[in-house]
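Peer 1: So here's entry_24.cif (mmCIF, C-alpha atoms).
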```
data_my_file
#
loop_
_atom_site.label_atom_id
_atom_site.label_comp_id
_atom_site.auth_asym_id
_atom_site.auth_seq_id
_atom_site.Cartn_x
_atom_site.Cartn_y
_atom_site.Cartn_z
CA MET A 1 -7.50 123.18 103.56
CA THR A 2 -8.45 120.44 101.13
CA ARG A 3 -11.11 120.51 98.46
CA PRO A 4 -14.33 118.51 98.83
CA ALA A 5 -14.41 115.27 96.84
CA ASP A 6 -15.80 115.18 93.32
CA PRO A 7 -19.46 114.17 93.85
CA ASN A 8 -19.83 112.80 90.32
CA PRO A 9 -22.02 109.66 90.62
CA ARG A 10 -19.77 107.76 88.18
CA LEU A 11 -17.01 107.79 90.81
CA ALA A 12 -19.28 106.59 93.62
CA GLN A 13 -18.94 102.96 92.49
CA TYR A 14 -15.27 102.82 93.53
CA ALA A 15 -13.93 101.87 96.96
CA HIS A 16 -12.29 105.31 97.35
CA PRO A 17 -14.15 107.70 95.06
CA GLU A 18 -12.29 110.63 96.66
CA ARG A 19 -9.12 109.47 94.91
CA LEU A 20 -10.38 110.37 91.42
CA VAL A 21 -11.67 113.56 89.89
CA THR A 22 -13.43 114.00 86.57
CA THR A 23 -12.37 116.55 83.97
CA GLU A 24 -15.63 118.43 84.65
CA TRP A 25 -14.83 118.75 88.35
CA LEU A 26 -11.30 119.90 87.67
CA ALA A 27 -12.44 122.51 85.16
CA GLU A 28 -14.82 123.93 87.78
CA ASN A 29 -12.26 123.88 90.57
CA LEU A 30 -9.23 125.34 88.78
CA GLY A 31 -7.79 128.25 90.69
CA ARG A 32 -9.62 127.48 93.94
CA ASP A 33 -7.81 127.66 97.25
CA GLY A 34 -6.29 124.46 98.56
CA LEU A 35 -5.85 122.84 95.16
CA VAL A 36 -2.62 122.30 93.24
CA VAL A 37 -2.75 120.55 89.86
CA VAL A 38 0.38 118.61 88.89
CA GLU A 39 1.24 117.35 85.41
CA SER A 40 3.63 114.38 85.31
CA ASP A 41 4.51 112.88 81.93
CA GLU A 42 6.87 110.46 80.37
CA ASP A 43 8.09 113.23 78.06
CA ILE A 44 9.80 116.01 79.99
CA LEU A 45 8.91 118.68 77.40
CA LEU A 46 5.24 117.83 76.99
CA TYR A 47 4.12 120.14 79.81
CA ALA A 48 5.85 123.07 78.07
CA THR A 49 3.88 122.46 74.87
CA GLY A 50 0.65 123.24 76.72
CA HIS A 51 -0.90 122.19 80.04
CA ILE A 52 -3.99 122.68 82.17
CA PRO A 53 -4.10 126.35 83.26
CA GLY A 54 -2.38 126.78 86.60
CA ALA A 55 -0.85 123.28 86.63
CA VAL A 56 2.73 122.85 87.84
CA HIS A 57 5.12 120.28 86.40
CA VAL A 58 6.80 117.40 88.24
CA ASP A 59 9.24 115.25 86.28
CA TRP A 60 9.74 111.67 87.47
CA HIS A 61 13.35 111.35 86.31
CA THR A 62 14.76 114.64 87.47
CA GLU A 63 12.55 115.51 90.44
CA LEU A 64 11.15 112.31 92.02
CA ASN A 65 14.14 110.01 91.61
CA HIS A 66 17.16 110.40 93.83
CA PRO A 67 19.90 112.02 91.74
CA VAL A 68 22.48 109.34 92.54
CA VAL A 69 21.06 106.24 94.24
CA ARG A 70 18.37 104.15 92.53
CA ASP A 71 15.73 105.36 94.95
CA TYR A 72 13.32 108.24 95.46
CA VAL A 73 13.98 111.60 97.05
CA ASP A 74 14.19 111.66 100.84
CA GLY A 75 12.06 113.68 103.23
CA ALA A 76 14.09 116.85 102.80
CA GLY A 77 14.06 116.45 99.02
CA PHE A 78 10.33 115.88 98.94
CA ALA A 79 9.67 118.87 101.19
CA ALA A 80 11.82 121.07 98.93
CA LEU A 81 9.94 119.80 95.86
CA CYS A 82 6.53 120.47 97.42
CA ARG A 83 7.53 123.94 98.63
CA ALA A 84 8.73 124.87 95.15
CA LYS A 85 5.42 123.69 93.66
CA GLY A 86 3.27 125.55 96.18
CA ILE A 87 2.05 122.36 97.85
CA SER A 88 1.40 122.35 101.60
CA ARG A 89 0.67 119.29 103.70
CA ASP A 90 -3.07 120.09 103.59
CA THR A 91 -3.20 120.82 99.85
CA THR A 92 -5.38 118.71 97.59
CA VAL A 93 -3.03 117.52 94.84
CA VAL A 94 -4.63 116.44 91.57
CA ILE A 95 -2.16 114.69 89.30
CA TYR A 96 -2.58 114.01 85.59
CA GLY A 97 -0.33 113.02 82.72
CA ASP A 98 0.21 111.33 79.39
CA LYS A 99 -0.05 107.63 78.50
CA SER A 100 -3.28 106.98 80.44
CA ASN A 101 -1.74 108.47 83.58
CA TRP A 102 1.20 106.03 83.94
CA TRP A 103 3.56 108.68 85.21
CA ALA A 104 0.84 110.50 87.06
CA ALA A 105 0.07 107.29 88.98
CA TYR A 106 3.77 106.83 89.58
CA ALA A 107 4.04 110.37 90.97
CA LEU A 108 0.97 109.75 93.13
CA TRP A 109 2.63 106.58 94.44
CA VAL A 110 5.74 108.57 95.42
CA PHE A 111 3.47 111.09 97.20
CA ALA A 112 1.99 108.09 99.02
CA LEU A 113 5.44 107.10 100.32
CA PHE A 114 5.39 110.42 102.16
CA GLY A 115 1.80 109.96 103.27
CA HIS A 116 0.58 113.14 101.60
CA PRO A 117 -3.02 113.11 102.84
CA ASP A 118 -4.99 114.16 99.75
CA THR A 119 -3.74 113.08 96.34
CA ARG A 120 -6.08 112.36 93.45
CA LEU A 121 -5.78 111.34 89.82
CA LEU A 122 -7.57 113.11 87.00
CA ASP A 123 -9.54 110.24 85.45
CA GLY A 124 -8.57 110.04 81.77
CA GLY A 125 -5.47 112.19 82.23
CA ARG A 126 -4.02 114.64 79.79
CA ASP A 127 -5.38 112.93 76.70
CA LEU A 128 -9.01 113.12 77.82
CA TRP A 129 -8.68 116.77 78.85
CA ILE A 130 -7.35 117.61 75.39
CA ALA A 131 -9.80 115.30 73.56
CA GLU A 132 -12.66 117.18 75.22
CA GLY A 133 -11.30 120.43 73.83
CA ARG A 134 -10.65 121.90 77.26
CA GLU A 135 -8.37 124.87 77.74
CA THR A 136 -4.60 124.49 77.83
CA THR A 137 -1.92 127.12 78.13
CA ARG A 138 1.83 127.48 77.76
CA GLN A 139 1.84 130.05 80.54
CA GLU A 140 3.61 128.67 83.60
CA PRO A 141 1.94 129.66 86.86
CA THR A 142 3.72 131.94 89.30
CA VAL A 143 4.10 129.76 92.36
CA ALA A 144 4.18 131.26 95.84
CA PRO A 145 6.51 128.96 97.81
CA SER A 146 4.65 127.03 100.47
CA VAL A 147 5.53 125.52 103.81
CA TYR A 148 5.96 121.75 103.80
CA PRO A 149 7.29 119.68 106.71
CA VAL A 150 10.12 117.20 106.32
CA ILE A 151 8.35 113.84 106.48
CA VAL A 152 10.35 110.64 106.91
CA ARG A 153 9.49 108.48 103.92
CA ASP A 154 7.56 105.38 104.95
CA ASP A 155 7.97 102.77 102.22
CA GLY A 156 6.27 100.00 104.18
CA PRO A 157 2.60 100.34 103.24
CA HIS A 158 3.15 100.89 99.51
CA ARG A 159 6.52 99.56 98.41
CA VAL A 160 8.32 96.20 98.49
CA PHE A 161 11.95 95.31 97.95
CA ARG A 162 13.47 92.30 96.26
CA ASP A 163 14.03 90.18 99.37
CA GLU A 164 10.40 90.65 100.38
CA VAL A 165 9.34 89.67 96.87
CA ARG A 166 11.44 86.53 97.05
CA ALA A 167 9.90 85.63 100.39
CA ALA A 168 6.45 86.37 98.98
CA ILE A 169 6.64 83.81 96.16
CA GLY A 170 4.09 81.13 96.88
CA HIS A 171 2.50 83.17 99.66
CA ILE A 172 1.40 86.52 98.24
CA PRO A 173 -0.09 86.93 94.77
CA LEU A 174 2.10 88.78 92.29
CA ILE A 175 0.66 90.69 89.35
CA ASP A 176 2.94 91.23 86.37
CA VAL A 177 1.50 94.17 84.41
CA ARG A 178 3.95 94.13 81.50
CA SER A 179 3.04 93.16 77.94
CA PRO A 180 2.63 89.43 77.15
CA VAL A 181 5.96 89.27 75.27
CA GLU A 182 7.79 90.66 78.29
CA TYR A 183 6.01 88.19 80.58
CA THR A 184 6.91 85.14 78.52
CA GLY A 185 10.51 86.28 78.24
CA GLU A 186 10.48 86.77 74.51
CA ARG A 187 11.58 90.37 75.14
CA THR A 188 12.98 92.23 78.14
CA HIS A 189 11.28 95.52 77.27
CA MET A 190 8.22 96.78 75.45
CA PRO A 191 8.34 96.82 71.69
CA ASP A 192 9.10 100.40 70.60
CA TYR A 193 10.58 101.25 74.00
CA PRO A 194 14.14 101.63 75.17
CA ASP A 195 15.79 98.63 76.73
CA GLU A 196 16.48 99.77 80.24
CA GLY A 197 18.54 96.71 80.83
CA ALA A 198 17.64 93.30 82.19
CA LEU A 199 19.89 90.36 81.52
CA ARG A 200 17.19 87.69 81.53
CA GLY A 201 13.66 87.55 80.13
CA GLY A 202 10.65 86.03 81.85
CA HIS A 203 8.66 86.69 85.02
CA ILE A 204 8.78 86.18 88.76
CA PRO A 205 7.55 82.65 89.60
CA THR A 206 3.81 82.48 90.36
CA ALA A 207 3.12 85.98 88.96
CA ALA A 208 -0.13 86.31 87.03
CA SER A 209 -0.02 88.25 83.77
CA VAL A 210 -2.51 91.12 83.77
CA PRO A 211 -1.24 93.87 81.45
CA TRP A 212 -1.83 97.32 82.97
CA SER A 213 -3.95 98.44 80.03
CA ARG A 214 -6.73 96.05 81.04
CA ALA A 215 -7.62 98.50 83.81
CA ALA A 216 -8.06 101.36 81.34
CA ALA A 217 -10.95 102.13 79.01
CA ALA A 218 -10.39 103.37 75.47
CA ASP A 219 -10.54 107.03 76.58
CA GLY A 220 -7.89 106.50 79.27
CA THR A 221 -10.33 106.56 82.20
CA PHE A 222 -10.45 103.60 84.55
CA LYS A 223 -12.88 100.82 83.79
CA SER A 224 -15.96 100.37 85.95
CA ARG A 225 -15.65 98.69 89.31
CA SER A 226 -17.51 95.60 88.08
CA GLU A 227 -15.16 95.27 85.12
CA LEU A 228 -12.15 95.66 87.41
CA GLU A 229 -13.58 93.03 89.78
CA GLU A 230 -14.01 90.67 86.87
CA ILE A 231 -10.38 91.12 85.81
CA TYR A 232 -8.61 91.13 89.17
CA LEU A 233 -10.87 89.28 91.61
CA ALA A 234 -12.57 86.68 89.42
CA GLY A 235 -9.82 86.55 86.79
CA ALA A 236 -6.56 86.86 88.72
CA GLY A 237 -7.93 85.45 91.98
CA LEU A 238 -7.15 88.44 94.21
CA SER A 239 -9.21 89.14 97.29
CA THR A 240 -9.76 92.51 98.91
CA ASP A 241 -8.58 91.38 102.35
CA ARG A 242 -5.26 89.92 101.20
CA ASP A 243 -1.86 91.26 100.17
CA VAL A 244 -0.88 91.71 96.54
CA ILE A 245 2.33 92.90 94.88
CA THR A 246 2.41 94.57 91.47
CA TYR A 247 5.46 95.01 89.26
CA CYS A 248 6.43 95.92 85.71
CA ARG A 249 9.78 97.00 84.30
CA ILE A 250 10.68 100.06 86.37
CA GLY A 251 7.55 100.46 88.48
CA GLU A 252 5.61 103.04 86.50
CA ARG A 253 3.01 100.90 84.72
CA SER A 254 2.55 98.91 87.92
CA SER A 255 1.76 102.15 89.77
CA HIS A 256 -1.27 102.45 87.49
CA THR A 257 -2.42 98.96 88.54
CA TRP A 258 -1.44 99.66 92.18
CA PHE A 259 -3.79 102.66 92.08
CA ALA A 260 -6.66 100.65 90.59
CA LEU A 261 -6.30 97.78 93.07
CA ARG A 262 -5.80 99.91 96.15
CA PHE A 263 -8.19 102.78 95.62
CA LEU A 264 -10.77 101.57 93.11
CA LEU A 265 -11.16 97.99 94.34
CA GLY A 266 -10.14 98.70 97.92
CA ILE A 267 -7.36 96.09 98.20
CA SER A 268 -5.67 98.09 100.94
CA ARG A 269 -2.61 95.83 101.15
CA THR A 270 -1.50 96.43 97.55
CA ARG A 271 2.19 97.23 97.28
CA ASN A 272 4.36 98.08 94.26
CA TYR A 273 7.74 96.46 93.59
CA ASP A 274 9.50 99.37 91.88
CA GLY A 275 12.73 97.41 91.40
CA SER A 276 10.57 95.43 88.98
CA TRP A 277 11.99 93.54 86.06
CA THR A 278 15.05 95.75 85.57
CA GLU A 279 16.16 94.51 89.00
CA TRP A 280 14.73 90.98 89.16
CA GLY A 281 15.79 90.17 85.60
CA SER A 282 19.40 91.00 86.45
CA LEU A 283 19.68 89.61 89.99
CA VAL A 284 22.12 86.75 90.37
CA GLY A 285 20.56 83.45 91.34
CA VAL A 286 16.88 84.38 91.70
CA PRO A 287 14.30 82.04 90.17
CA ILE A 288 12.65 83.06 86.92
CA VAL A 289 9.92 81.43 84.87
CA LYS A 290 9.78 81.64 81.08
CA GLY A 291 6.68 81.10 78.99
CA ASP A 292 3.03 81.93 79.46
CA GLN A 293 2.37 79.93 82.68
CA PRO A 294 2.86 81.51 86.13
CA GLY A 295 4.99 78.57 87.22
CA SER A 296 6.01 77.66 90.74
CA ILE A 297 8.91 78.58 92.94
CA GLY A 298 11.16 75.72 91.83
CA PRO A 299 14.91 75.61 92.42
CA ALA A 300 16.82 78.86 92.24
CA MET B 1 39.50 123.08 67.12
CA SER B 2 36.21 121.24 67.08
CA ASP B 3 35.95 117.73 65.69
CA LEU B 4 32.36 118.47 64.68
CA PRO B 5 30.85 119.85 61.47
CA PRO B 6 30.25 123.64 61.74
CA ALA B 7 26.46 123.53 62.21
CA LEU B 8 26.80 120.94 64.95
CA THR B 9 29.58 122.93 66.62
CA GLY B 10 27.24 125.92 66.65
CA ILE B 11 24.43 123.93 68.24
CA VAL B 12 26.73 122.46 70.90
CA GLU B 13 28.00 125.99 71.67
CA ASP B 14 24.45 127.35 71.83
CA PHE B 15 23.41 124.70 74.35
CA GLY B 16 26.62 125.18 76.31
CA ALA B 17 25.96 128.90 76.77
CA LEU B 18 22.55 128.33 78.37
CA THR B 19 21.25 127.44 81.79
CA GLU B 20 19.70 124.03 82.22
CA ARG B 21 16.20 125.44 82.00
CA GLU B 22 17.02 127.41 78.87
CA ARG B 23 18.45 124.27 77.29
CA LEU B 24 15.06 122.62 77.63
CA GLU B 25 13.47 125.65 75.95
CA LEU B 26 15.95 125.41 73.07
CA LEU B 27 15.23 121.69 72.76
CA LEU B 28 11.55 122.58 72.51
CA ASP B 29 12.36 125.06 69.72
CA PHE B 30 14.08 122.28 67.79
CA SER B 31 11.06 120.08 68.42
CA GLU B 32 8.67 122.66 67.04
CA ASN B 33 10.83 123.45 64.03
CA LEU B 34 11.20 119.84 62.91
CA PRO B 35 9.86 119.93 59.35
CA ASP B 36 6.96 117.75 58.32
CA LEU B 37 7.71 114.75 56.14
CA PRO B 38 7.52 115.37 52.38
CA PRO B 39 4.55 113.58 50.76
CA ARG B 40 6.71 110.75 49.40
CA TYR B 41 7.32 109.63 52.99
CA ALA B 42 4.15 110.93 54.63
CA GLU B 43 2.16 108.77 52.22
CA HIS B 44 4.52 105.78 52.56
CA PRO B 45 5.42 105.42 56.22
CA GLU B 46 6.65 101.87 55.52
CA LEU B 47 9.74 103.44 53.90
CA LEU B 48 10.85 104.85 57.26
CA GLU B 49 13.00 102.98 59.76
CA PRO B 50 11.64 102.77 63.33
CA VAL B 51 13.95 103.78 66.17
CA PRO B 52 12.68 101.72 69.11
CA GLU B 53 15.36 103.04 71.46
CA CYS B 54 13.46 106.32 71.73
CA GLN B 55 10.88 106.64 74.49
CA SER B 56 8.23 107.57 71.98
CA PRO B 57 7.77 106.36 68.42
CA LEU B 58 10.25 107.87 66.01
CA PHE B 59 10.80 107.01 62.37
CA LEU B 60 13.58 108.17 60.09
CA ALA B 61 14.73 107.99 56.50
CA VAL B 62 18.15 108.75 55.02
CA GLU B 63 18.71 109.71 51.38
CA LEU B 64 21.97 110.13 49.52
CA ALA B 65 21.72 112.65 46.70
CA ASP B 66 23.37 110.55 43.99
CA ALA B 67 22.08 107.45 42.22
CA ALA B 68 25.49 105.81 42.68
CA PRO B 69 26.37 107.24 46.09
CA THR B 70 29.92 107.93 47.17
CA ARG B 71 31.38 109.30 50.39
CA GLN B 72 31.06 112.77 48.81
CA SER B 73 27.32 112.42 48.19
CA LEU B 74 25.12 114.80 50.15
CA VAL B 75 22.94 113.33 52.88
CA HIS B 76 19.30 114.26 53.46
CA LEU B 77 17.48 113.27 56.61
CA PHE B 78 13.77 112.87 57.33
CA PHE B 79 12.24 112.30 60.75
CA SER B 80 8.72 111.67 61.98
CA ALA B 81 7.53 111.74 65.59
CA PRO B 82 4.17 112.81 67.02
CA PRO B 83 3.65 116.18 68.73
CA GLU B 84 3.01 114.31 72.00
CA ALA B 85 6.70 113.34 71.93
CA PRO B 86 8.42 116.75 72.00
CA THR B 87 11.68 115.51 73.52
CA THR B 88 12.12 112.89 70.83
CA ARG B 89 11.19 115.47 68.17
CA GLY B 90 13.73 117.84 69.67
CA PHE B 91 16.55 115.30 69.32
CA ALA B 92 15.48 114.66 65.72
CA GLY B 93 15.37 118.41 65.05
CA ILE B 94 18.94 118.84 66.28
CA LEU B 95 20.24 116.03 64.09
CA ARG B 96 18.38 117.31 61.07
CA GLU B 97 19.61 120.86 61.41
CA ALA B 98 23.15 119.74 62.18
CA LEU B 99 23.60 117.01 59.58
CA ASP B 100 21.22 117.55 56.66
CA GLY B 101 23.18 118.58 53.56
CA LEU B 102 26.56 117.32 54.79
CA SER B 103 28.47 114.70 52.83
CA ALA B 104 28.22 111.04 53.73
CA ALA B 105 31.84 111.12 54.94
CA GLU B 106 31.14 114.09 57.21
CA VAL B 107 28.10 112.45 58.79
CA LEU B 108 29.96 109.19 59.33
CA ALA B 109 32.75 111.14 61.08
CA VAL B 110 30.40 112.63 63.69
CA PRO B 111 31.56 111.22 67.03
CA PRO B 112 29.00 109.04 68.82
CA ASP B 113 29.17 111.06 72.04
CA VAL B 114 27.60 114.19 70.49
CA PRO B 115 24.36 113.79 72.49
CA ASP B 116 26.43 113.94 75.68
CA ARG B 117 27.96 117.27 74.64
CA LEU B 118 24.67 119.17 74.63
CA GLY B 119 24.62 119.48 78.40
CA LEU B 120 21.23 117.79 78.56
CA ALA B 121 22.11 114.66 80.53
CA HIS B 122 21.15 116.21 83.84
CA ALA B 123 18.13 118.16 82.59
CA VAL B 124 16.67 115.38 80.47
CA SER B 125 18.20 112.24 82.05
CA PRO B 126 20.74 109.93 80.42
CA LEU B 127 18.03 107.37 79.69
CA ARG B 128 16.14 109.77 77.47
CA LEU B 129 19.35 110.84 75.73
CA ARG B 130 19.90 107.24 74.66
CA GLY B 131 17.22 107.76 72.04
CA MET B 132 19.28 110.45 70.36
CA SER B 133 22.39 108.25 70.28
CA ALA B 134 20.29 105.54 68.69
CA MET B 135 19.01 107.92 65.99
CA LEU B 136 22.57 108.97 65.14
CA SER B 137 23.84 105.41 64.93
CA ARG B 138 20.90 104.35 62.75
CA VAL B 139 21.51 107.30 60.40
CA LYS B 140 25.13 106.23 60.04
CA ARG B 141 24.19 102.60 59.54
CA GLN B 142 21.84 103.53 56.71
CA ILE B 143 24.56 105.61 55.04
CA GLU B 144 27.03 102.75 55.29
CA LYS B 145 24.48 100.39 53.82
CA ALA B 146 23.81 102.75 50.91
CA LEU B 147 27.53 103.11 50.22
CA VAL B 148 28.21 99.38 49.90
CA ALA B 149 25.01 98.75 47.93
#
```
With the file now loaded, output its structure as structure tokens.

Peer 2:
Amino acid sequence: MTRPADPNPRLAQYAHPERLVTTEWLAENLGRDGLVVVESDEDILLYATGHIPGAVHVDWHTELNHPVVRDYVDGAGFAALCRAKGISRDTTVVIYGDKSNWWAAYALWVFALFGHPDTRLLDGGRDLWIAEGRETTRQEPTVAPSVYPVIVRDDGPHRVFRDEVRAAIGHIPLIDVRSPVEYTGERTHMPDYPDEGALRGGHIPTAASVPWSRAAAADGTFKSRSELEEIYLAGAGLSTDRDVITYCRIGERSSHTWFALRFLLGISRTRNYDGSWTEWGSLVGVPIVKGDQPGSIGPA
Amino acid sequence: MSDLPPALTGIVEDFGALTERERLELLLDFSENLPDLPPRYAEHPELLEPVPECQSPLFLAVELADAAPTRQSLVHLFFSAPPEAPTTRGFAGILREALDGLSAAEVLAVPPDVPDRLGLAHAVSPLRLRGMSAMLSRVKRQIEKALVA
């Protein structure tokens, strides 16, 4: 059993309003049947310092990533994760987290690879919940293990790999959501962030620079649909009936943009290149463009 | 025989005796017990060195107790990281408790693989642990700089 969508009129403007919930809706629905709230943060200890009452914790490094291969968990791993968190196939999963929901969007994207039917983001994430003075607790919920089927992961609709990206250059628009200094190639990682390793700086030829944060308002909620249309349709030249590929450094910030494009603007063929710059920037022989212009495919 | 200073040996043993989940709880204790900056740093954050290798903003300062520092001078460490970054604070808390009050020579002798000995690589991920290695190497670099000054 899933929960009805949040009827808040503010969400009605978006292409898929059922993919977002407001803090008000979540506060009213906590503890109801068919709902599991998941916190997913960059910082693995943040959940333990206080979280939304009843929320379970999913860590991207240790629970969503494959323990050995650079990949995500497989169907059996995902089923085991969901069972341990009390999530059934028909559960409404509301995900929230720190940093304007970067990691929450990333977790939601991994849930999408398994086609979990009802996943939603808490608009504004952890920061808004706390800024509004809403209740948090350090008490971890007692989870009754659930039944979850083993679903074969289907990367196709949501994820692209490097060879597809290479073939897409010049044909499918690419959106680089990293900071301007990462795009130009001045740096290979965000200032004040760890260098996760890329041997070259720059961007994938033809990629437009639209930093992820342009989709977020000051309070961490998503901007209005008209503002998003201005940025991505008018500004970056995307159209709702065409493909688009987003990328960043490891695929987490671009999950935030993937969510905005796919569910808020309704660009249903939005896919995320999770290999992102840590892969492309170290691949032998692939074309790269430095500087602030998108550039063209050029010689490898 | 441990090659670590006694306080650090104790911390490594404490972590080693715990389950993975309990190690995260202990790390959270260190995070919550990290002392606030004294006013001379809290009011002058420009005196602190940023550690960009950490996932969240961390700043540190190193003081040697003597005006003309030697390898015997006592080291004092100061760290600042926001409460929204408990893992980073936890790493800072471990280093402060383990190293504050040791001599410069003792801190410089701490092996660089100490973060790997806490048994956190699996629970926290090696990427996150890199921030702690970076803090340790920056502490040592500041001591070396003070000694040649």

Peer 1: Excluding range 204-209 of chain A and residues on its chain fewer than 3 positions from it, collect all residues at most 6 Å away from it, counting all atoms listed in the file, and give them as a VMD selection string.

Peer 2: chain A and resid 174 to 176 288 to 289 294 to 297

Peer 1: So which residues touch Arg153 in chain A within 7 Å, counting all atoms listed in the file, skipping near sequence neighbours fewer than 2 positions away, as a PyMOL selection string?

Peer 2: chain A and resi 74-75+113-114+151+155

Peer 1: Could you write out as a PyMOL selection string the residues of chain B within 10 Å of chain A, counting all atoms listed in the file?

Peer 2: chain B and resi 24-25+27-28+31-32+50-58+83-88+90+122-128+130-131+134

Peer 1: Using C-alpha atoms, can you export the residues from the last selection as a PDB file, in the coordinates of the input?

Peer 2:
```pdb
ATOM      1  CA  LEU B  24      15.060 122.620  77.630  1.00  0.00           C
ATOM      2  CA  GLU B  25      13.470 125.650  75.950  1.00  0.00           C
ATOM      3  CA  LEU B  27      15.230 121.690  72.760  1.00  0.00           C
ATOM      4  CA  LEU B  28      11.550 122.580  72.510  1.00  0.00           C
ATOM      5  CA  SER B  31      11.060 120.080  68.420  1.00  0.00           C
ATOM      6  CA  GLU B  32       8.670 122.660  67.040  1.00  0.00           C
ATOM      7  CA  PRO B  50      11.640 102.770  63.330  1.00  0.00           C
ATOM      8  CA  VAL B  51      13.950 103.780  66.170  1.00  0.00           C
ATOM      9  CA  PRO B  52      12.680 101.720  69.110  1.00  0.00           C
ATOM     10  CA  GLU B  53      15.360 103.040  71.460  1.00  0.00           C
ATOM     11  CA  CYS B  54      13.460 106.320  71.730  1.00  0.00           C
ATOM     12  CA  GLN B  55      10.880 106.640  74.490  1.00  0.00           C
ATOM     13  CA  SER B  56       8.230 107.570  71.980  1.00  0.00           C
ATOM     14  CA  PRO B  57       7.770 106.360  68.420  1.00  0.00           C
ATOM     15  CA  LEU B  58      10.250 107.870  66.010  1.00  0.00           C
ATOM     16  CA  PRO B  83       3.650 116.180  68.730  1.00  0.00           C
ATOM     17  CA  GLU B  84       3.010 114.310  72.000  1.00  0.00           C
ATOM     18  CA  ALA B  85       6.700 113.340  71.930  1.00  0.00           C
ATOM     19  CA  PRO B  86       8.420 116.750  72.000  1.00  0.00           C
ATOM     20  CA  THR B  87      11.680 115.510  73.520  1.00  0.00           C
ATOM     21  CA  THR B  88      12.120 112.890  70.830  1.00  0.00           C
ATOM     22  CA  GLY B  90      13.730 117.840  69.670  1.00  0.00           C
ATOM     23  CA  HIS B 122      21.150 116.210  83.840  1.00  0.00           C
ATOM     24  CA  ALA B 123      18.130 118.160  82.590  1.00  0.00           C
ATOM     25  CA  VAL B 124      16.670 115.380  80.470  1.00  0.00           C
ATOM     26  CA  SER B 125      18.200 112.240  82.050  1.00  0.00           C
ATOM     27  CA  PRO B 126      20.740 109.930  80.420  1.00  0.00           C
ATOM     28  CA  LEU B 127      18.030 107.370  79.690  1.00  0.00           C
ATOM     29  CA  ARG B 128      16.140 109.770  77.470  1.00  0.00           C
ATOM     30  CA  ARG B 130      19.900 107.240  74.660  1.00  0.00           C
ATOM     31  CA  GLY B 131      17.220 107.760  72.040  1.00  0.00           C
ATOM     32  CA  ALA B 134      20.290 105.540  68.690  1.00  0.00           C
TER      33      ALA B 134
END
```

Peer 1: Identify, on the basis of only C-alpha atoms, every residue whose closest approach to Ala131 in chain A does not exceed 12 Å; exclude the query and any residue fewer than 4 positions from it along the same chain; express the result as JSON, numbers by chain.

Peer 2: {"A": [23, 124, 125, 126, 127, 135, 136, 219, 220]}

Peer 1: When distances are computed from all atoms listed in the file, which of B:Arg71, B:His76, B:Arg117, B:Arg89 shows the smallest separation from Leu147 in chain B?

Peer 2: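 Of B:Arg71, B:His76, B:Arg117, B:Arg89, the one nearest Leu147 in chain B is B:Arg71, counting all atoms listed in the file.
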
Peer 1: Skip Val58 in chain A itself and residues of its chain fewer than 5 positions away, then list as a VMD selection string all residues within 12 Å of it, counting all atoms listed in the file.

Peer 2: chain A and resid 36 to 48 63 to 65 78 81 to 82 84 to 87 93 to 97 103 to 104 106 to 108 110 to 111

Peer 1: Would you mind reading off the distance between CA of Leu8 in chain B and CA of Glu144 in chain B, one decimal, in Å?

Peer 2: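 These atoms are spaced 20.6 Å apart.
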
Peer 1: Which residues would end up in the selection if the PyMOL selection byres ((chain B and resi 140) around 12) were applied here, given that I need the answer as JSON, numbers by chain?

Peer 2: {"B": [60, 61, 62, 63, 64, 71, 75, 76, 77, 95, 99, 103, 104, 105, 106, 107, 108, 109, 110, 111, 112, 133, 134, 135, 136, 137, 138, 139, 141, 142, 143, 144, 145, 146, 147]}

Peer 1: For the PyMOL selection byres ((chain B and resi 9) around 12), applied here, can you spell out every residue it catches as a PyMOL selection string?

Peer 2: chain B and resi 1-8+10-16+94-95+97-99+110-111+114+117-118

Peer 1: Just C-alpha atoms for this one: save the residues we selected as an mmCIF file, keeping the file's coordinate frame.

Peer 2:
```
data_model
loop_
_atom_site.group_PDB
_atom_site.id
_atom_site.type_symbol
_atom_site.label_atom_id
_atom_site.label_comp_id
_atom_site.auth_asym_id
_atom_site.auth_seq_id
_atom_site.Cartn_x
_atom_site.Cartn_y
_atom_site.Cartn_z
ATOM 1 C CA MET B 1 39.500 123.080 67.120
ATOM 2 C CA SER B 2 36.210 121.240 67.080
ATOM 3 C CA ASP B 3 35.950 117.730 65.690
ATOM 4 C CA LEU B 4 32.360 118.470 64.680
ATOM 5 C CA PRO B 5 30.850 119.850 61.470
ATOM 6 C CA PRO B 6 30.250 123.640 61.740
ATOM 7 C CA ALA B 7 26.460 123.530 62.210
ATOM 8 C CA LEU B 8 26.800 120.940 64.950
ATOM 9 C CA GLY B 10 27.240 125.920 66.650
ATOM 10 C CA ILE B 11 24.430 123.930 68.240
ATOM 11 C CA VAL B 12 26.730 122.460 70.900
ATOM 12 C CA GLU B 13 28.000 125.990 71.670
ATOM 13 C CA ASP B 14 24.450 127.350 71.830
ATOM 14 C CA PHE B 15 23.410 124.700 74.350
ATOM 15 C CA GLY B 16 26.620 125.180 76.310
ATOM 16 C CA ILE B 94 18.940 118.840 66.280
ATOM 17 C CA LEU B 95 20.240 116.030 64.090
ATOM 18 C CA GLU B 97 19.610 120.860 61.410
ATOM 19 C CA ALA B 98 23.150 119.740 62.180
ATOM 20 C CA LEU B 99 23.600 117.010 59.580
ATOM 21 C CA VAL B 110 30.400 112.630 63.690
ATOM 22 C CA PRO B 111 31.560 111.220 67.030
ATOM 23 C CA VAL B 114 27.600 114.190 70.490
ATOM 24 C CA ARG B 117 27.960 117.270 74.640
ATOM 25 C CA LEU B 118 24.670 119.170 74.630
#
```
